[in-house]
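Pasted below: protein.cif, mmCIF, C-alpha atoms and all ligand atoms.
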```cif
data_entry
loop_
_atom_site.label_atom_id
_atom_site.label_comp_id
_atom_site.auth_asym_id
_atom_site.auth_seq_id
_atom_site.Cartn_x
_atom_site.Cartn_y
_atom_site.Cartn_z
CA MET W 1 24.35 -26.42 -7.48
CA ALA W 2 25.16 -22.86 -6.42
CA GLU W 3 22.32 -21.06 -4.70
CA ALA W 4 20.98 -17.85 -6.16
CA LYS W 5 21.87 -14.49 -4.69
CA ILE W 6 18.89 -13.31 -2.65
CA ILE W 7 18.05 -9.77 -3.70
CA ASP W 8 17.54 -7.70 -0.57
CA GLY W 9 14.71 -5.32 -1.45
CA LYS W 10 14.66 -3.80 2.02
CA LEU W 11 18.30 -2.80 1.79
CA MET W 12 17.99 -1.46 -1.75
CA ALA W 13 14.86 0.48 -0.78
CA GLN W 14 16.70 1.94 2.21
CA GLU W 15 19.42 3.24 -0.15
CA VAL W 16 16.81 4.80 -2.46
CA ARG W 17 15.06 6.42 0.49
CA GLU W 18 18.34 7.81 1.82
CA ASN W 19 19.13 9.29 -1.60
CA VAL W 20 15.65 10.82 -1.74
CA ALA W 21 16.06 12.29 1.77
CA THR W 22 19.39 13.82 0.68
CA GLY W 23 17.69 15.35 -2.36
CA VAL W 24 14.84 16.72 -0.23
CA ALA W 25 17.33 18.28 2.23
CA PHE W 26 19.14 19.89 -0.73
CA LEU W 27 15.89 21.37 -2.07
CA GLN W 28 15.02 22.76 1.35
CA GLN W 29 18.46 24.23 1.97
CA HIS W 30 19.13 25.73 -1.45
CA HIS W 31 15.67 26.46 -2.81
CA GLY W 32 13.40 26.67 0.26
CA ILE W 33 11.16 23.95 -1.19
CA THR W 34 9.68 20.95 0.63
CA PRO W 35 8.13 18.39 -1.76
CA GLY W 36 4.55 17.43 -0.91
CA LEU W 37 2.70 14.21 -1.73
CA ALA W 38 -1.10 14.01 -1.58
CA VAL W 39 -2.59 10.56 -1.19
CA VAL W 40 -6.31 9.96 -1.70
CA LEU W 41 -8.18 6.96 -0.34
CA VAL W 42 -11.85 6.28 -1.02
CA GLY W 43 -13.47 3.47 0.97
CA ASP W 44 -12.11 1.12 3.61
CA ASN W 45 -10.27 -1.60 1.65
CA PRO W 46 -7.98 -3.05 4.38
CA ALA W 47 -4.97 -3.55 2.06
CA SER W 48 -5.32 0.02 0.76
CA GLN W 49 -5.45 1.38 4.30
CA ILE W 50 -2.14 -0.33 5.11
CA TYR W 51 -0.54 0.95 1.87
CA ILE W 52 -1.71 4.48 2.61
CA ARG W 53 -0.40 4.43 6.15
CA ASN W 54 2.99 3.12 5.01
CA LYS W 55 3.18 5.66 2.19
CA GLY W 56 2.40 8.52 4.60
CA ARG W 57 5.05 7.38 7.08
CA ALA W 58 7.70 6.92 4.37
CA THR W 59 6.90 10.36 2.94
CA THR W 60 7.43 12.18 6.23
CA ALA W 61 10.51 10.03 7.02
CA ALA W 62 12.05 11.32 3.76
CA GLY W 63 11.43 14.91 4.92
CA MET W 64 8.49 15.55 2.58
CA LYS W 65 5.02 16.83 3.39
CA SER W 66 2.30 14.20 3.38
CA PHE W 67 -1.33 15.17 2.76
CA GLU W 68 -3.90 12.46 3.34
CA HIS W 69 -7.45 12.68 2.02
CA ARG W 70 -9.68 9.84 3.21
CA PHE W 71 -13.32 9.46 2.27
CA ASP W 72 -15.96 6.83 2.84
CA ALA W 73 -16.99 4.66 -0.10
CA GLY W 74 -19.99 6.88 -0.84
CA LEU W 75 -17.91 9.80 -2.17
CA SER W 76 -19.24 10.83 -5.58
CA GLU W 77 -17.05 10.78 -8.68
CA LYS W 78 -17.81 14.47 -9.15
CA ASP W 79 -16.50 15.36 -5.69
CA LEU W 80 -13.37 13.27 -6.23
CA LEU W 81 -12.71 15.05 -9.54
CA LYS W 82 -13.22 18.39 -7.78
CA LEU W 83 -10.63 17.44 -5.14
CA ILE W 84 -8.12 16.46 -7.84
CA GLU W 85 -8.63 19.80 -9.55
CA THR W 86 -7.87 21.55 -6.24
CA LEU W 87 -4.74 19.42 -5.70
CA ASN W 88 -3.59 20.09 -9.28
CA GLY W 89 -3.67 23.81 -8.52
CA ASP W 90 -2.08 23.59 -5.06
CA ASP W 91 1.60 24.61 -5.12
CA ASN W 92 2.29 22.70 -1.89
CA VAL W 93 1.33 19.46 -3.64
CA ASN W 94 3.95 18.14 -6.07
CA GLY W 95 2.64 14.59 -6.33
CA ILE W 96 -0.87 13.14 -6.35
CA LEU W 97 -1.71 9.48 -5.82
CA VAL W 98 -5.22 8.08 -5.84
CA GLN W 99 -5.16 4.64 -4.25
CA LEU W 100 -6.69 1.90 -6.41
CA PRO W 101 -9.05 0.12 -6.50
CA LEU W 102 -11.77 2.77 -6.35
CA PRO W 103 -15.42 1.90 -5.57
CA ASP W 104 -17.37 0.62 -8.58
CA HIS W 105 -19.36 3.82 -9.12
CA ILE W 106 -16.14 5.76 -9.79
CA ASP W 107 -14.41 5.45 -13.16
CA ASP W 108 -10.66 4.87 -12.53
CA THR W 109 -9.67 6.04 -16.00
CA LYS W 110 -11.56 9.32 -15.64
CA VAL W 111 -9.94 9.97 -12.28
CA ILE W 112 -6.41 9.15 -13.43
CA SER W 113 -6.88 11.35 -16.52
CA ALA W 114 -7.87 14.26 -14.25
CA ILE W 115 -4.50 14.24 -12.45
CA ALA W 116 -2.01 16.77 -13.86
CA PRO W 117 0.55 14.54 -15.68
CA GLU W 118 3.47 16.37 -14.04
CA LYS W 119 2.03 15.47 -10.60
CA ASP W 120 1.10 11.87 -11.54
CA VAL W 121 3.70 10.13 -9.35
CA ASP W 122 2.07 6.74 -10.04
CA GLY W 123 2.85 7.19 -13.75
CA PHE W 124 -0.62 5.96 -14.75
CA HIS W 125 -1.78 8.96 -16.82
CA VAL W 126 -1.81 8.27 -20.58
CA ILE W 127 0.65 11.13 -21.10
CA ASN W 128 3.14 9.30 -18.89
CA THR W 129 2.44 5.84 -20.31
CA GLY W 130 2.73 7.37 -23.79
CA LEU W 131 6.05 9.03 -22.96
CA LEU W 132 7.38 5.71 -21.66
CA ALA W 133 6.24 3.90 -24.81
CA THR W 134 7.85 6.49 -27.10
CA GLY W 135 11.16 6.75 -25.24
CA GLY W 136 10.33 10.04 -23.50
CA ASP W 137 11.01 11.17 -19.96
CA GLY W 138 7.73 10.93 -18.06
CA LEU W 139 6.98 9.58 -14.60
CA VAL W 140 7.32 5.77 -14.47
CA PRO W 141 5.19 3.57 -12.15
CA GLY W 142 7.07 2.77 -8.93
CA THR W 143 6.86 -1.02 -8.96
CA PRO W 144 8.42 -1.60 -12.40
CA LEU W 145 10.93 1.18 -11.72
CA GLY W 146 12.03 -0.67 -8.57
CA CYS W 147 12.16 -3.98 -10.45
CA LEU W 148 14.38 -2.44 -13.13
CA MET W 149 16.82 -1.20 -10.47
CA MET W 150 17.06 -4.74 -9.11
CA VAL W 151 17.51 -6.25 -12.57
CA LYS W 152 20.24 -3.72 -13.42
CA LYS W 153 22.11 -4.48 -10.23
CA TYR W 154 22.08 -8.26 -10.68
CA ALA W 155 21.94 -8.95 -14.43
CA GLY W 156 24.94 -6.88 -15.55
CA SER W 157 24.59 -5.41 -19.04
CA LEU W 158 21.00 -5.81 -20.23
CA SER W 159 21.59 -5.15 -23.91
CA GLY W 160 20.46 -8.10 -26.05
CA LYS W 161 19.34 -10.25 -23.12
CA ASN W 162 16.10 -12.20 -23.31
CA ALA W 163 13.55 -10.80 -20.87
CA LEU W 164 10.17 -12.37 -20.18
CA VAL W 165 7.53 -10.39 -18.30
CA ILE W 166 4.61 -12.54 -17.19
CA GLY W 167 1.54 -10.35 -16.70
CA ARG W 168 0.15 -7.54 -18.82
CA SER W 169 -1.31 -5.12 -16.28
CA ASN W 170 -1.08 -1.36 -16.77
CA ILE W 171 0.51 -1.01 -13.31
CA VAL W 172 3.35 -3.54 -13.71
CA GLY W 173 3.51 -5.80 -16.78
CA LYS W 174 3.21 -3.28 -19.61
CA PRO W 175 5.48 -0.57 -18.14
CA MET W 176 8.00 -3.25 -17.10
CA ALA W 177 8.18 -4.53 -20.67
CA GLN W 178 8.67 -0.97 -21.95
CA LEU W 179 11.49 -0.32 -19.47
CA LEU W 180 13.30 -3.53 -20.43
CA LEU W 181 12.87 -2.69 -24.12
CA LYS W 182 14.40 0.74 -23.46
CA GLU W 183 17.42 -1.12 -22.01
CA SER W 184 17.69 -3.04 -25.32
CA CYS W 185 16.46 -6.38 -23.99
CA THR W 186 14.61 -8.73 -26.34
CA VAL W 187 11.28 -8.60 -24.55
CA THR W 188 8.42 -11.11 -24.49
CA ILE W 189 5.18 -10.58 -22.57
CA GLY W 190 3.53 -13.78 -21.33
CA HIS W 191 -0.04 -13.95 -20.04
CA SER W 192 -2.89 -16.34 -19.35
CA LYS W 193 -3.30 -17.19 -23.05
CA THR W 194 0.39 -17.88 -23.70
CA ARG W 195 0.64 -21.35 -25.27
CA ASP W 196 3.85 -22.71 -23.77
CA LEU W 197 4.83 -20.61 -20.78
CA LYS W 198 7.55 -23.07 -19.72
CA ALA W 199 9.33 -22.79 -23.07
CA GLU W 200 9.13 -18.98 -22.90
CA CYS W 201 10.49 -19.00 -19.34
CA LEU W 202 13.40 -21.30 -20.19
CA ARG W 203 14.63 -18.77 -22.80
CA ALA W 204 14.61 -15.87 -20.31
CA ASP W 205 17.79 -14.42 -18.84
CA ILE W 206 15.55 -12.02 -16.96
CA LEU W 207 12.17 -13.15 -15.66
CA VAL W 208 9.67 -10.74 -14.08
CA VAL W 209 6.49 -12.35 -12.77
CA ALA W 210 3.47 -10.19 -11.92
CA VAL W 211 0.23 -12.13 -12.14
CA GLY W 212 -0.95 -12.99 -8.63
CA VAL W 213 -0.85 -16.79 -8.91
CA PRO W 214 1.08 -18.60 -6.14
CA ASN W 215 3.78 -21.01 -7.44
CA LEU W 216 3.09 -20.23 -11.10
CA VAL W 217 6.80 -20.42 -11.86
CA THR W 218 8.39 -23.68 -10.72
CA GLY W 219 12.01 -24.82 -10.66
CA ASP W 220 11.82 -26.69 -13.99
CA MET W 221 10.74 -23.47 -15.77
CA VAL W 222 13.80 -21.36 -14.98
CA LYS W 223 16.98 -21.02 -17.03
CA PRO W 224 20.06 -21.63 -14.86
CA GLY W 225 21.57 -18.30 -13.79
CA ALA W 226 18.49 -16.20 -14.67
CA VAL W 227 17.57 -13.11 -12.65
CA VAL W 228 14.07 -13.71 -11.27
CA ILE W 229 11.93 -10.84 -9.97
CA ASP W 230 8.75 -11.89 -8.18
CA VAL W 231 6.13 -9.13 -8.00
CA GLY W 232 3.38 -11.42 -6.67
CA GLN W 233 1.77 -10.65 -3.29
CA ASN W 234 -0.53 -13.56 -2.50
CA ILE W 235 -2.02 -14.29 0.89
CA ILE W 236 -2.47 -18.05 1.31
CA PRO W 237 -3.64 -20.22 4.21
CA ALA W 238 -0.82 -21.35 6.50
CA PRO W 239 -2.23 -24.12 8.72
CA GLU W 240 1.35 -24.92 9.84
CA LYS W 241 1.30 -21.57 11.71
CA GLY W 242 -1.99 -22.39 13.41
CA GLU W 243 -5.66 -22.47 12.59
CA GLY W 244 -6.87 -19.59 10.45
CA LYS W 245 -3.32 -18.24 9.95
CA THR W 246 -2.07 -16.99 6.58
CA ARG W 247 1.22 -16.10 4.94
CA LEU W 248 2.40 -13.91 2.10
CA VAL W 249 3.92 -15.63 -0.96
CA GLY W 250 4.87 -14.52 -4.45
CA ASP W 251 4.18 -16.05 -7.88
CA VAL W 252 7.44 -18.03 -7.90
CA ASP W 253 8.22 -21.26 -6.04
CA PHE W 254 11.06 -19.59 -4.18
CA ASP W 255 12.53 -22.70 -2.49
CA ALA W 256 12.88 -24.56 -5.79
CA VAL W 257 13.89 -21.63 -8.00
CA LYS W 258 16.60 -20.38 -5.62
CA ASN W 259 18.63 -23.48 -6.52
CA ILE W 260 18.56 -22.63 -10.22
CA ALA W 261 18.39 -18.85 -10.67
CA GLY W 262 21.43 -16.58 -10.48
CA ALA W 263 19.51 -14.07 -8.35
CA ILE W 264 15.97 -13.95 -6.98
CA THR W 265 13.76 -11.61 -4.96
CA PRO W 266 12.09 -13.05 -1.85
CA VAL W 267 8.47 -12.36 -0.90
CA PRO W 268 8.18 -10.53 1.44
CA GLY W 269 11.27 -8.32 1.43
CA GLY W 270 11.88 -8.10 -2.32
CA VAL W 271 9.89 -5.92 -4.68
CA GLY W 272 7.43 -4.64 -2.03
CA PRO W 273 9.74 -2.23 -0.21
CA MET W 274 11.03 -0.85 -3.52
CA THR W 275 7.55 0.26 -4.60
CA ILE W 276 7.18 2.90 -1.89
CA ALA W 277 10.83 3.96 -2.19
CA CYS W 278 10.31 4.59 -5.92
CA LEU W 279 7.11 6.51 -5.24
CA LEU W 280 9.17 8.87 -3.05
CA LYS W 281 11.82 9.06 -5.79
CA ASN W 282 9.07 9.99 -8.27
CA THR W 283 7.77 12.70 -5.93
CA LEU W 284 11.26 14.21 -5.74
CA THR W 285 11.66 13.94 -9.52
CA ALA W 286 8.25 15.58 -10.08
CA THR W 287 9.09 18.43 -7.70
CA CYS W 288 12.43 19.10 -9.40
CA ARG W 289 10.85 19.11 -12.87
CA GLN W 290 8.05 21.43 -11.77
CA GLN W 291 10.65 23.81 -10.33
CA GLY W 292 13.17 23.46 -13.18
CA ILE W 293 15.83 22.16 -10.78
CA SER W 294 18.24 19.38 -11.69
CA LEU W 295 19.75 17.15 -9.00
CA LYS W 296 22.55 14.64 -9.43
CA GLU W 297 21.32 11.38 -11.05
CA ASP W 298 21.73 9.34 -7.85
CA THR W 299 19.27 11.42 -5.84
N1 LIG A 301 -3.11 -0.21 -5.69
C1 LIG A 301 -2.22 -1.22 -5.75
N2 LIG A 301 -1.02 -0.79 -6.18
C2 LIG A 301 -1.15 0.53 -6.39
C3 LIG A 301 -0.25 1.53 -6.83
O1 LIG A 301 0.93 1.31 -7.12
N3 LIG A 301 -0.77 2.79 -6.92
C4 LIG A 301 -2.05 3.06 -6.61
N4 LIG A 301 -2.47 4.34 -6.74
N5 LIG A 301 -2.91 2.16 -6.19
C5 LIG A 301 -2.45 0.90 -6.08
#
```
Output the file's structure as structure tokens, nothing else.
Amino acid sequence: MAEAKIIDGKLMAQEVRENVATGVAFLQQHHGITPGLAVVLVGDNPASQIYIRNKGRATTAAGMKSFEHRFDAGLSEKDLLKLIETLNGDDNVNGILVQLPLPDHIDDTKVISAIAPEKDVDGFHVINTGLLATGGDGLVPGTPLGCLMMVKKYAGSLSGKNALVIGRSNIVGKPMAQLLLKESCTVTIGHSKTRDLKAECLRADILVVAVGVPNLVTGDMVKPGAVVIDVGQNIIPAPEKGEGKTRLVGDVDFDAVKNIAGAITPVPGGVGPMTIACLLKNTLTATCRQQGISLKEDT
């Protein structure tokens, strides 16, 4: 059996980042504008600290300004909302991202709703989710945006294809389903209460898995030739690497599914790198819209 094409997320992300850097250079040269991204971290969640560091580095590497606001977990909701108000009114800040999860005493929804929708580069504000659901042009969350780019590259024409999204989160599952619907796929959303997940999977020409369960999708669940996008980021024990060692795996049994799928993303090196690249793309898009500037579609 032919092996699946391995979708190189690092390479695709590099291309996106180069296009963003070209767009940023154009804005600087012709309009004297340097896009700025403000990232807010509350608390010391180790995974969030790594994300924030990588986002900051990628932002400056693309030629944009990066503003980091770090607070200890005791920051009050009121003070966080005050900061967002300041960032909303700051012309040097074109994009605002508040890293999730927030400490329990802070209401995520309240905080996200406080971000100016035109600066909401995560695409989490209800204005942006509403625009996506009604076919409008808002800001789209980076992870599903990156997944769609991969699907488009490897699945050919999407119109009429069966797409299954497993997972119904606001960050990935729901926006992913909306994006695939916009491309005229026949979209199903599977979740923990789905009765026969295997049967749903076997119908899917496009399968996007975003639940956080290692090996949820096994070889016998995949339609031959399907495009499989694994959004899972699970850290599991890896005794083979030594005592106490761990490794990162997705939600798909990669070794089995790669013999059946037409194309598949690895973990790591698949969806992950595309998330930050698409965040930068969103920051450029937001800046251009705020300034009434249109760039070529590929930047
Ligand atoms: N936490 C995990 N993923 C994300 C993301 O895409 N954006 C934000 N703001 N927080 C996250």
### Message
List as a PyMOL selection string the protein and nucleic acid residues lying within 12 Å of ligand LIG 301 (chain A), with all atoms listed in the file counted.
### Response
chain W and resi 38-42+45-52+55+95-102+108-109+111-112+115+120-125+140-146+169-172+210+231-233+271-280+282
Taking all atoms of segment 56-74 of chain W that the file lists, what box with edges along x, y and z, padded by 6 Å per side, do you get, with centre and edge lengths in Å to one decimal, as lines of an AutoDock Vina configuration file?
```
center_x = -4.0
center_y = 10.7
center_z = 3.1
size_x = 44.0
size_y = 24.2
size_z = 19.9
```
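Note that atom CA of Lys10 of chain W and atom CA of Ile206 of chain W are 20.7 Å apart.
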Show me the residues around (-3.5, 22.4, -1.5) - criterion: an atom at most 12 Å away, only C-alpha atoms counted - as a compact mmCIF listing (two decimals) with C-alpha atoms, in the coordinates of the input.
```
# COMPACT_ATOMS: atom_id res chain seq x y z
CA GLY W 36 4.55 17.43 -0.91
CA LEU W 37 2.70 14.21 -1.73
CA ALA W 38 -1.10 14.01 -1.58
CA VAL W 39 -2.59 10.56 -1.19
CA LYS W 65 5.02 16.83 3.39
CA SER W 66 2.30 14.20 3.38
CA PHE W 67 -1.33 15.17 2.76
CA GLU W 68 -3.90 12.46 3.34
CA HIS W 69 -7.45 12.68 2.02
CA LEU W 83 -10.63 17.44 -5.14
CA ILE W 84 -8.12 16.46 -7.84
CA GLU W 85 -8.63 19.80 -9.55
CA THR W 86 -7.87 21.55 -6.24
CA LEU W 87 -4.74 19.42 -5.70
CA ASN W 88 -3.59 20.09 -9.28
CA GLY W 89 -3.67 23.81 -8.52
CA ASP W 90 -2.08 23.59 -5.06
CA ASP W 91 1.60 24.61 -5.12
CA ASN W 92 2.29 22.70 -1.89
CA VAL W 93 1.33 19.46 -3.64
CA ASN W 94 3.95 18.14 -6.07
CA GLY W 95 2.64 14.59 -6.33
CA ILE W 96 -0.87 13.14 -6.35
```
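Shortest separation to Ile127 of chain W among W:Ile260, W:Ser184, W:Leu139, W:Ser192 occurs at residue W:Leu139, atoms counted being all atoms listed in the file.
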List the spatial neighbours of Thr22 of chain W as a CSV table (one decimal) with C-alpha atoms, in the coordinates of the input - criterion: any atom at most 12 Å away, only C-alpha atoms, same-chain residues fewer than 5 positions off excluded.
```
chain,number,residue,atom,x,y,z
W,15,GLU,CA,19.4,3.2,-0.2
W,16,VAL,CA,16.8,4.8,-2.5
W,17,ARG,CA,15.1,6.4,0.5
W,27,LEU,CA,15.9,21.4,-2.1
W,28,GLN,CA,15.0,22.8,1.4
W,29,GLN,CA,18.5,24.2,2.0
W,61,ALA,CA,10.5,10.0,7.0
W,62,ALA,CA,12.0,11.3,3.8
W,63,GLY,CA,11.4,14.9,4.9
W,64,MET,CA,8.5,15.6,2.6
W,280,LEU,CA,9.2,8.9,-3.0
W,281,LYS,CA,11.8,9.1,-5.8
W,284,LEU,CA,11.3,14.2,-5.7
W,295,LEU,CA,19.8,17.2,-9.0
W,296,LYS,CA,22.6,14.6,-9.4
W,298,ASP,CA,21.7,9.3,-7.8
W,299,THR,CA,19.3,11.4,-5.8
```
### Task
Write out as number ranges by chain each polymer residue whose atoms come within 12 Å of Val165 of chain W, counting only C-alpha atoms; drop sequence neighbours fewer than 2 positions from it.
W: 144, 147-148, 162-163, 167-169, 172-181, 185-191, 194, 197, 200-201, 203-211, 217, 227-231
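As for atom CA of Pro224 of chain W and atom CA of Leu11 of chain W, they are spaced 25.2 Å apart.
One distance worth recording is that between atom CA of Asp107 of chain W and atom CA of Gly130 of chain W, which is 20.3 Å.
Using all atoms listed in the file, the shortest contact distance between Asn259 of chain W and any of W:Lys119, W:Lys223, W:Arg53, W:Lys241 is found at W:Lys223.
When only C-alpha atoms are used to measure the gap to Ser159 of chain W, the shortest distance among W:Ala238, W:Gly23, W:Thr285, W:Glu183 belongs to W:Glu183.
Taking all atoms listed in the file into account, those protein, DNA and RNA residues with any atom at most 9 Å away from (13.7, -22.5, -6.6) amount to Glu3, Ala4, Val217, Thr218, Gly219, Asp220, Val222, Val252, Asp253, Phe254, Asp255, Ala256, Val257, Lys258, Asn259, Ile260, Ala261 and Ile264 of chain W.
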